[in-house]
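See structure below.
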Amino acid sequence: MERADLFSLCTSPFLVIIGNGNYCMSGGYDKYILLWNPHQNKQIKVFKGHGYQVMDISIAFDNGSFVSCGGDKQPFMWDVGTGVIVRKVKGHDQMINSVAFNADASIFVSGSYDQTAKIWDCKSRSFDPIQVLDGATDSVTGVQIGESEIYTSSVDGCLRSYDLRMGQLRIDHIGTPLTYVALSKCGRMILVSCLDGTVRLLDRYDGSLIREFSGHVNREFKLDATFFNDDAMVVSGSEDGLLYAWDVESGTATSVVAHARMVSGVSAHPDGEYVLTSSADTTLKLWKWTEQAKVV
């Protein structure tokens, strides 16, 4: 596979796109992680090793490795080529909801039900994290890594920004449980999914609200939301089986009936026009989003 070749997702709950969109990875309640060619509807490889459901994966920049997490309470590092687990660490006290590599895959972060996020050194052989971020008062649902900051979303209603260089923590009180966090490609905006039925777009530097997107249904479950098409659009799943997209500039919403049940996972290719969705109906779908979404 070429660099930036993979996209990712879980069959309820998640999916990940690999690079140029030729491949994707999925995982879910069956404990397996699958590598696909979504354009040919072809399963390429099965990664077996988790004893419990898989909640999230993050793929390294060169597509040679990925990290996964879930009910095992341990993050697993995998080699894509051989399909074997190359490293396990001590992990967390409870289920891990989210994992994320940094840009050069030298570290990754995990966020857990145990109210902590932990930073792991990928080059170290230590089983212990290099730092524990323990500011949350409820489950940490999402993690993302920026240039020098780590962002976490939590059920306690707070978006936390940990500046590792300055040793500072900024807390943005949203006031409703947060289930997912994503960073814009330009690095100036942060997206959070909220259990009050909104997706909020925030300024990365001061935490101010730029825009609020609504129309989809999100009252009970963790749903993905992400930037698409050079940050011009935001896409999100919905508990009613629809896929929603909003124009960032105008806030205009469009939607399409995507699945028979809840759309829990969305993953948009950063350089193309494809969106992948995963659903509680146990299917994955690849969409081409131009003027109107079309399943391909």
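The chains in the structure tokens are called A, B, ... from first to last as shown; in each chain the residues are counted from 1, and the ligands are counted from 1 in the order shown.
Counting only C-alpha atoms, A:Met233 has the following residues at most 10 Å away, ignoring those fewer than 4 positions along the same chain: A:Thr226, A:Phe227, A:Phe228, A:Asn229, A:Ala245, A:Trp246, A:Asp247, A:Val248, A:Glu249, A:Ser250, A:Gly251, A:Thr252, A:Ala253.
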Would you mind exporting the chosen residues as a PDB file, in the first residue's frame, restricted to N, CA and C atoms?
```
ATOM      1  N   THR A 226     -16.912  14.422  11.411  1.00  0.00           N
ATOM      2  CA  THR A 226     -15.578  14.767  10.931  1.00  0.00           C
ATOM      3  C   THR A 226     -15.640  15.821   9.837  1.00  0.00           C
ATOM      4  N   PHE A 227     -14.490  16.403   9.542  1.00  0.00           N
ATOM      5  CA  PHE A 227     -14.375  17.364   8.454  1.00  0.00           C
ATOM      6  C   PHE A 227     -14.213  16.626   7.134  1.00  0.00           C
ATOM      7  N   PHE A 228     -14.672  17.268   6.084  1.00  0.00           N
ATOM      8  CA  PHE A 228     -14.637  16.666   4.760  1.00  0.00           C
ATOM      9  C   PHE A 228     -14.342  17.749   3.721  1.00  0.00           C
ATOM     10  N   ASN A 229     -13.638  17.334   2.673  1.00  0.00           N
ATOM     11  CA  ASN A 229     -13.474  18.202   1.513  1.00  0.00           C
ATOM     12  C   ASN A 229     -12.797  19.518   1.869  1.00  0.00           C
ATOM     13  N   ALA A 245     -24.633  16.142   6.196  1.00  0.00           N
ATOM     14  CA  ALA A 245     -23.497  16.984   5.836  1.00  0.00           C
ATOM     15  C   ALA A 245     -23.918  18.440   5.933  1.00  0.00           C
ATOM     16  N   TRP A 246     -23.044  19.273   6.472  1.00  0.00           N
ATOM     17  CA  TRP A 246     -23.311  20.700   6.613  1.00  0.00           C
ATOM     18  C   TRP A 246     -22.205  21.498   5.932  1.00  0.00           C
ATOM     19  N   ASP A 247     -22.593  22.550   5.261  1.00  0.00           N
ATOM     20  CA  ASP A 247     -21.632  23.482   4.703  1.00  0.00           C
ATOM     21  C   ASP A 247     -21.090  24.349   5.837  1.00  0.00           C
ATOM     22  N   VAL A 248     -19.784  24.366   6.023  1.00  0.00           N
ATOM     23  CA  VAL A 248     -19.187  25.085   7.147  1.00  0.00           C
ATOM     24  C   VAL A 248     -19.447  26.585   7.041  1.00  0.00           C
ATOM     25  N   GLU A 249     -19.412  27.118   5.843  1.00  0.00           N
ATOM     26  CA  GLU A 249     -19.573  28.561   5.657  1.00  0.00           C
ATOM     27  C   GLU A 249     -20.997  29.016   5.915  1.00  0.00           C
ATOM     28  N   SER A 250     -21.971  28.294   5.350  1.00  0.00           N
ATOM     29  CA  SER A 250     -23.367  28.733   5.436  1.00  0.00           C
ATOM     30  C   SER A 250     -24.166  28.000   6.516  1.00  0.00           C
ATOM     31  N   GLY A 251     -23.717  26.826   6.914  1.00  0.00           N
ATOM     32  CA  GLY A 251     -24.469  26.020   7.869  1.00  0.00           C
ATOM     33  C   GLY A 251     -25.586  25.215   7.241  1.00  0.00           C
ATOM     34  N   THR A 252     -25.733  25.286   5.912  1.00  0.00           N
ATOM     35  CA  THR A 252     -26.785  24.562   5.216  1.00  0.00           C
ATOM     36  C   THR A 252     -26.585  23.054   5.333  1.00  0.00           C
ATOM     37  N   ALA A 253     -27.674  22.340   5.626  1.00  0.00           N
ATOM     38  CA  ALA A 253     -27.592  20.898   5.840  1.00  0.00           C
ATOM     39  C   ALA A 253     -28.181  20.129   4.673  1.00  0.00           C
TER      40      ALA A 253
END
```
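Residue neighbourhood of stretch 272-274 of chain A, excluding near-sequence residues (fewer than 5 positions): Trp287, Lys288 and Trp289 of chain A, at 6 Å, using only C-alpha atoms.
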The selected residues should be written to file as a PDB file, in the first residue's frame (atoms: C-alpha atoms).
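Resulting contents of part22.pdb:
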```pdb
ATOM      1  CA  TRP A 287     -20.289   7.205  -0.654  1.00  0.00           C
ATOM      2  CA  LYS A 288     -19.255   9.618  -3.359  1.00  0.00           C
ATOM      3  CA  TRP A 289     -20.289  13.059  -2.166  1.00  0.00           C
TER       4      TRP A 289
END
```
Quiz prompt | Nearby residues (only C-alpha atoms) at most 8 Å from stretch 90-101 of chain A, same-chain spacing under 4 positions excluded, as a PyMOL selection string | solution = chain A and resi 55-60+67-75+105-114+127-128+140-145
Quiz item: With distances taken over only C-alpha atoms, which of A:Ala136, A:Leu195, A:Ile190, A:Ala103 is nearest to A:Pro177?
Solution: A:Leu195
Practice problem: May I have the residues within 7 Å of A:Gly157 as a VMD selection string, using only C-alpha atoms and disregarding those fewer than 5 positions away in the same chain? | Solution: chain A and resid 173 to 178
How would the residues just picked look written out with N, CA and C atoms as a compact mmCIF listing (two decimals), in the first residue's frame?
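After the write, again_2.txt holds the following:
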```
# COMPACT_ATOMS: atom_id res chain seq x y z
N HIS A 173 -15.97 24.44 28.69
CA HIS A 173 -17.18 23.82 29.24
C HIS A 173 -18.32 23.94 28.23
N ILE A 174 -18.65 22.83 27.58
CA ILE A 174 -19.71 22.83 26.57
C ILE A 174 -21.08 22.69 27.24
N GLY A 175 -21.15 21.95 28.33
CA GLY A 175 -22.40 21.87 29.08
C GLY A 175 -23.29 20.72 28.72
N THR A 176 -22.83 19.82 27.85
CA THR A 176 -23.58 18.63 27.49
C THR A 176 -22.57 17.53 27.21
N PRO A 177 -22.90 16.26 27.42
CA PRO A 177 -21.91 15.20 27.19
C PRO A 177 -21.33 15.23 25.77
N LEU A 178 -20.02 15.07 25.67
CA LEU A 178 -19.32 15.06 24.39
C LEU A 178 -18.91 13.63 24.07
```
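Across the model, the gap from atom CA of A:His50 to atom CA of A:Asp62 is 23.2 Å.
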Exercise. Extract, using only C-alpha atoms, all DNA, RNA and protein residues at most 9 Å from A:Lys222, discarding same-chain residues fewer than 5 positions from it, and format them as a VMD selection string.
Key: chain A and resid 13 141 178 to 180 193 to 195 264 to 265
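Across the model, the gap from atom CA of A:Arg170 to atom CA of A:Glu220 is 27.0 Å.
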Quiz item: Using the chain letters and numbers from this document, which residues of stretch 3-204 of chain A does DSSP assign to strand (DSSP E), as a PyMOL selection string?
Solution: chain A and resi 6-11+13-18+23-28+33-37+42-47+54-59+65-70+76-79+85-88+96-101+107-112+117-121+131-133+140-145+149-154+158-163+168-173+178-183+189-194+198-203
